[in-house]
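Engineer: Sharing a structure here in C-alpha cells format.
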Amino acid sequence: MTKEDVELYLKVSVRRPSAVKNPAPADKAALEGAKKIIAGGASGRVPTQDDVKTLERANLVALSMDQIVADDMKLDGRTYRGIAEAVESALQVPGQPFPR
C-alpha cells in the first residue's frame with residue numbers, strides 16, 4: 001500500500017456522501033445506525049449482535065457508494081476495491097467490521 005493508494009481511498013470516501021442522493025430507507029437507517037454504534041463504541045459500549053448486523057449492512061451500502069464514486073472518477077473498480085481493502089484492513093480492529 002502506497003501513499004497514493006491512501007490518498008485515492010480518501011478522495012473516494014470524501015465524495016461518498018453525495019454519491020447516493022436518495023438511499024433506500026433501510027440503507028439510510030443502516031448508515032445512521034452505524035454512526036450511533038461507532039459513537040457508542042468510543043465510550044466503551046460493546047456492540048450487540050444486532051449492532052454487528054447493522055454495521056455489516058452499512059458497510060455494504062458504503063461499498064456500493066464507493067463503486068458509484070469510483071465509476072464517476074473513471075477508476076478501475078477492481079483496482080480501487082483492492083486499494084480500499086488494503087487501507088481498511090490496516091485500519092480495522094480485529095474481529096469487527098470496518099466502520100464506515
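In the C-alpha cells, chains take letters A, B, ... by order of appearance, with residues numbered from 1 within each chain and ligands from 1 in the order shown.
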If you run DSSP over the backbone, which residues in chain A end up helix (DSSP H, G or I)? Put them as a ChimeraX atom specification.

Structural biologist: /A:3-19,25-42,49-72,77-91

Engineer: Skip Leu31 of chain A itself and residues of its chain fewer than 4 positions away, then list as a list in words all residues within 12 Å of it, counting only C-alpha atoms.

Structural biologist: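 Once the adjacent positions are removed, what remains is Arg16, Pro17, Pro23, Ala24, Pro25, Ala26, Asp27, Lys35, Lys36, Ile37, Ile38, Asp51, Lys53, Thr54, Leu55, Glu56, Arg57, Ala58, Asn59, Leu60, Val61, Ala62, Leu63, Met65, Pro99 and Arg100 of chain A.
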